[in-house]
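Worksheet: one structure, shown below.
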Amino acid sequence: MKQAAIAITLGAVLGMCSIGFGQSNSKPAAAQNPPAGQAAAPAGKRPPAAKTQEEYAAYKAAMALTDPAAAEKAADDFAAKYPDSEVRVMLYEAAMSRYQQANNADKMMEMAHKALTYDPDEPTALLGVAQGLAERTRDSDLDRDQRLAESKKDAEHALSTIDTDLPTTGYPPETLNAIKNRLRSDAYSTLGTLAFNAKNWAEAETDLRKSVDADPQEPDAVAIFRLSVALDMQNKIPEAIKYDDQVVELTKDRPDSSVGKAARDEKDRLVKLNSGTAPGQNPPPKN
């Protein structure tokens with residue numbers, strides 16, 4: 001999956017949600033007139049807002065913290081002091097981002113779960129849980145099936161709320177589209193990972209293609225490599241080699257990266273396997 005994708009996307013979302021006080025996010029954003037010939041984009045929520053100047057100042061102070069544990073404590077303290085605040089979810093998402101940047105996946109998912117208690121439809125928090133569970137669940141886990149089911153449910157839920165649960169008022173369409181594309185890419189990557197780990201190669205191919213196509217400006221080397229393997233397992237060798245080439249190119253500045261090395265090894269094996277096949281043709285099906 002994209003390295004630090006959640007943190008980067010969340011940072012952009014939080015940057016969009018520059019809140020004030022005395023507003024409300026209880027109603028959807030008013031639709032803006034689209035250019036001639038274009039359909040109006042779905043209206044998202046208004047940015048959340050603090051109700052008082054004191055609440056707003058406390059929110060700003062908590063958001064400024066960069067240490068993960070300090071950000072978590074500030075979010076807990078804020079939620080206790082302002083139990084009806086609209087911005088609690090944003091503080092837990094900020095703590096989630098801090099833990100993700102610190103490579104603490106367990107705490108990242110804990111913060112995402114807390115955010116979801118305040119807004120169960122928030123796509124970034126949903127994906128924080130979904131991606132963490134997809135990547136960290138092991139066959140030996142006693143609750144393996146439940147964890148994987150939650151990951152799939154949360155990723156699919158995020159896909160259904162990306163257009164409705166991101167603030168839209170006053171932000172450039174290109175910014176919104178870029179964030180939505182990344183979130184969709186992450187959601188499909190998660191679904192593709194679940195299918196990949198289950199060796200459901202056709203489903204993995206479908207979802208990983210959607211992930212790659214959703215955000216071509218930010219290609220994810222891991223998702224592309226998994227797509228190559230899914231194609232390989234279906235004897236689609238020439239296309240698998242094409243995606244291995246893309247991973248090799250993406251990681252050329254990091255030749256020792258695990259995904260770059262895996263792609264080079266995979267490509268070498270597939271080229272040898274395909275050496276007796278006419279260019280552009282697939283080899284005989286695997287036995």
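Labeling convention for the structure tokens: chains A, B, ... as they appear, residues from 1 per chain, ligands from 1 in order of appearance.
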
Name the residues of segment 42-212 of chain A that come out as helix (DSSP H, G or I) in a backbone DSSP run; write them as a VMD selection string. chain A and resid 53 to 63 68 to 81 88 to 101 105 to 118 123 to 136 144 to 161 173 to 197 201 to 212

Skip segment 79-88 of chain A itself and residues of its chain fewer than 5 positions away, then list as a PDB file with N, CA, C and O atoms, in the first residue's frame all residues within 7 Å of it, counting only C-alpha atoms.
```
ATOM      1  N   PRO A  48     -16.730  20.795  10.149  1.00  0.00           N
ATOM      2  CA  PRO A  48     -17.177  20.883  11.543  1.00  0.00           C
ATOM      3  C   PRO A  48     -16.722  22.191  12.156  1.00  0.00           C
ATOM      4  O   PRO A  48     -15.796  22.834  11.670  1.00  0.00           O
ATOM      5  N   ALA A  49     -17.381  22.593  13.229  1.00  0.00           N
ATOM      6  CA  ALA A  49     -17.085  23.896  13.811  1.00  0.00           C
ATOM      7  C   ALA A  49     -17.144  23.855  15.324  1.00  0.00           C
ATOM      8  O   ALA A  49     -17.933  23.110  15.912  1.00  0.00           O
ATOM      9  N   ALA A  50     -16.276  24.628  15.944  1.00  0.00           N
ATOM     10  CA  ALA A  50     -16.352  24.837  17.389  1.00  0.00           C
ATOM     11  C   ALA A  50     -17.477  25.806  17.693  1.00  0.00           C
ATOM     12  O   ALA A  50     -17.810  26.666  16.872  1.00  0.00           O
TER      13      ALA A  50
END
```

For Ala230 of chain A, please output as an MDAnalysis selection string all residues within 7 Å (counting only C-alpha atoms; exclusion window: fewer than 5 positions along the same chain). chainID A and resid 201 204:205

Please report as CSV every residue of segment 149-204 of chain A lying within 6 Å of segment 119-143 of chain A, along with the nearest atom pair and their distance in Å (one decimal), using only C-alpha atoms.
```
residue,atom,partner,partner_atom,distance
A:Ser151,CA,A:Ala130,CA,4.0
A:Asp154,CA,A:Leu126,CA,5.3
A:Ala155,CA,A:Ala130,CA,5.6
A:Ala158,CA,A:Pro123,CA,4.4
A:Ile162,CA,A:Pro123,CA,5.8
A:Asp165,CA,A:Glu122,CA,6.0
A:Thr190,CA,A:Gln131,CA,5.7
```

If you keep all heavy atoms, can you produce a file of those selected residues as a tab-separated table (two decimals), in the first residue's frame?
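This went into out39.tsv:
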```tsv
chain	number	residue	atom	x	y	z
A	151	SER	N	-12.43	-5.44	8.02
A	151	SER	CA	-11.62	-4.70	7.04
A	151	SER	C	-12.40	-4.50	5.75
A	151	SER	O	-12.46	-3.39	5.20
A	151	SER	CB	-10.32	-5.47	6.76
A	151	SER	OG	-9.56	-4.82	5.76
A	154	ASP	N	-15.38	-2.05	6.27
A	154	ASP	CA	-14.96	-0.65	6.41
A	154	ASP	C	-14.48	-0.07	5.09
A	154	ASP	O	-14.75	1.09	4.77
A	154	ASP	CB	-13.87	-0.53	7.46
A	154	ASP	CG	-14.39	-0.72	8.88
A	154	ASP	OD1	-15.63	-0.70	9.07
A	154	ASP	OD2	-13.57	-0.91	9.80
A	155	ALA	N	-13.75	-0.87	4.30
A	155	ALA	CA	-13.28	-0.37	3.00
A	155	ALA	C	-14.46	-0.10	2.08
A	155	ALA	O	-14.50	0.93	1.38
A	155	ALA	CB	-12.33	-1.37	2.36
A	158	ALA	N	-16.26	3.02	3.25
A	158	ALA	CA	-15.53	4.23	2.87
A	158	ALA	C	-15.83	4.60	1.42
A	158	ALA	O	-16.01	5.78	1.10
A	158	ALA	CB	-14.03	4.02	3.06
A	162	ILE	N	-17.15	8.53	0.54
A	162	ILE	CA	-16.14	9.49	0.08
A	162	ILE	C	-16.79	10.74	-0.51
A	162	ILE	O	-16.32	11.87	-0.29
A	162	ILE	CB	-15.20	8.82	-0.93
A	162	ILE	CG1	-14.25	7.86	-0.21
A	162	ILE	CG2	-14.39	9.87	-1.71
A	162	ILE	CD1	-13.45	6.96	-1.13
A	165	ASP	N	-19.06	12.50	2.80
A	165	ASP	CA	-18.57	12.82	4.14
A	165	ASP	C	-17.26	13.59	4.17
A	165	ASP	O	-16.63	13.68	5.21
A	165	ASP	CB	-18.45	11.54	4.96
A	165	ASP	CG	-19.76	11.19	5.64
A	165	ASP	OD1	-20.73	10.87	4.93
A	165	ASP	OD2	-19.83	11.28	6.87
A	190	THR	N	-7.10	-1.92	-0.45
A	190	THR	CA	-7.41	-2.76	0.70
A	190	THR	C	-8.23	-3.98	0.29
A	190	THR	O	-7.93	-5.11	0.69
A	190	THR	CB	-8.17	-1.94	1.76
A	190	THR	OG1	-7.35	-0.85	2.19
A	190	THR	CG2	-8.53	-2.80	2.95
```

Enter the distance from atom CA of Leu227 of chain A to atom CA of Arg264 of chain A, in Å, rounded to one decimal. 14.4 Å

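Between atom CA of Lys242 of chain A and atom CA of Glu156 of chain A the interatomic distance comes to 28.7 Å.
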
Would you mind listing, for every residue of segment 100-173 of chain A within 10 Å of segment 62-69 of chain A, the two atoms forming the shortest contact and the distance between them in Å to one decimal, using only C-alpha atoms, sorted by chain and ascending residue number, as JSON lines?
```
{"residue": "A:Gln100", "atom": "CA", "partner": "A:Pro68", "partner_atom": "CA", "distance": 8.9}
{"residue": "A:Gln101", "atom": "CA", "partner": "A:Pro68", "partner_atom": "CA", "distance": 8.8}
{"residue": "A:Ala102", "atom": "CA", "partner": "A:Pro68", "partner_atom": "CA", "distance": 7.7}
{"residue": "A:Asn104", "atom": "CA", "partner": "A:Pro68", "partner_atom": "CA", "distance": 9.4}
{"residue": "A:Lys107", "atom": "CA", "partner": "A:Pro68", "partner_atom": "CA", "distance": 9.1}
{"residue": "A:Met108", "atom": "CA", "partner": "A:Pro68", "partner_atom": "CA", "distance": 9.3}
```

Keeping only N, CA and C atoms, write those residues as an mmCIF file, in the first residue's frame.
```
data_model
loop_
_atom_site.group_PDB
_atom_site.id
_atom_site.type_symbol
_atom_site.label_atom_id
_atom_site.label_comp_id
_atom_site.auth_asym_id
_atom_site.auth_seq_id
_atom_site.Cartn_x
_atom_site.Cartn_y
_atom_site.Cartn_z
ATOM 1 N N GLN A 100 0.416 6.952 12.724
ATOM 2 C CA GLN A 100 0.748 6.328 11.447
ATOM 3 C C GLN A 100 2.135 6.759 10.997
ATOM 4 N N GLN A 101 2.442 8.028 11.156
ATOM 5 C CA GLN A 101 3.759 8.535 10.790
ATOM 6 C C GLN A 101 4.858 7.936 11.648
ATOM 7 N N ALA A 102 4.497 7.520 12.868
ATOM 8 C CA ALA A 102 5.456 6.889 13.768
ATOM 9 C C ALA A 102 5.503 5.370 13.583
ATOM 10 N N ASN A 104 3.252 3.154 14.153
ATOM 11 C CA ASN A 104 2.590 2.433 15.239
ATOM 12 C C ASN A 104 1.180 2.092 14.771
ATOM 13 N N LYS A 107 -1.787 1.578 17.494
ATOM 14 C CA LYS A 107 -2.341 2.816 18.029
ATOM 15 C C LYS A 107 -3.058 3.614 16.947
ATOM 16 N N MET A 108 -2.567 3.543 15.717
ATOM 17 C CA MET A 108 -3.259 4.219 14.631
ATOM 18 C C MET A 108 -4.688 3.709 14.512
#
```

Distance of atom CA of Ala202 of chain A from atom CA of Asn235 of chain A, expressed in Å to one decimal place: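 Spanning atom CA of Asn235 of chain A to atom CA of Ala202 of chain A is a straight-line distance of 11.3 Å.
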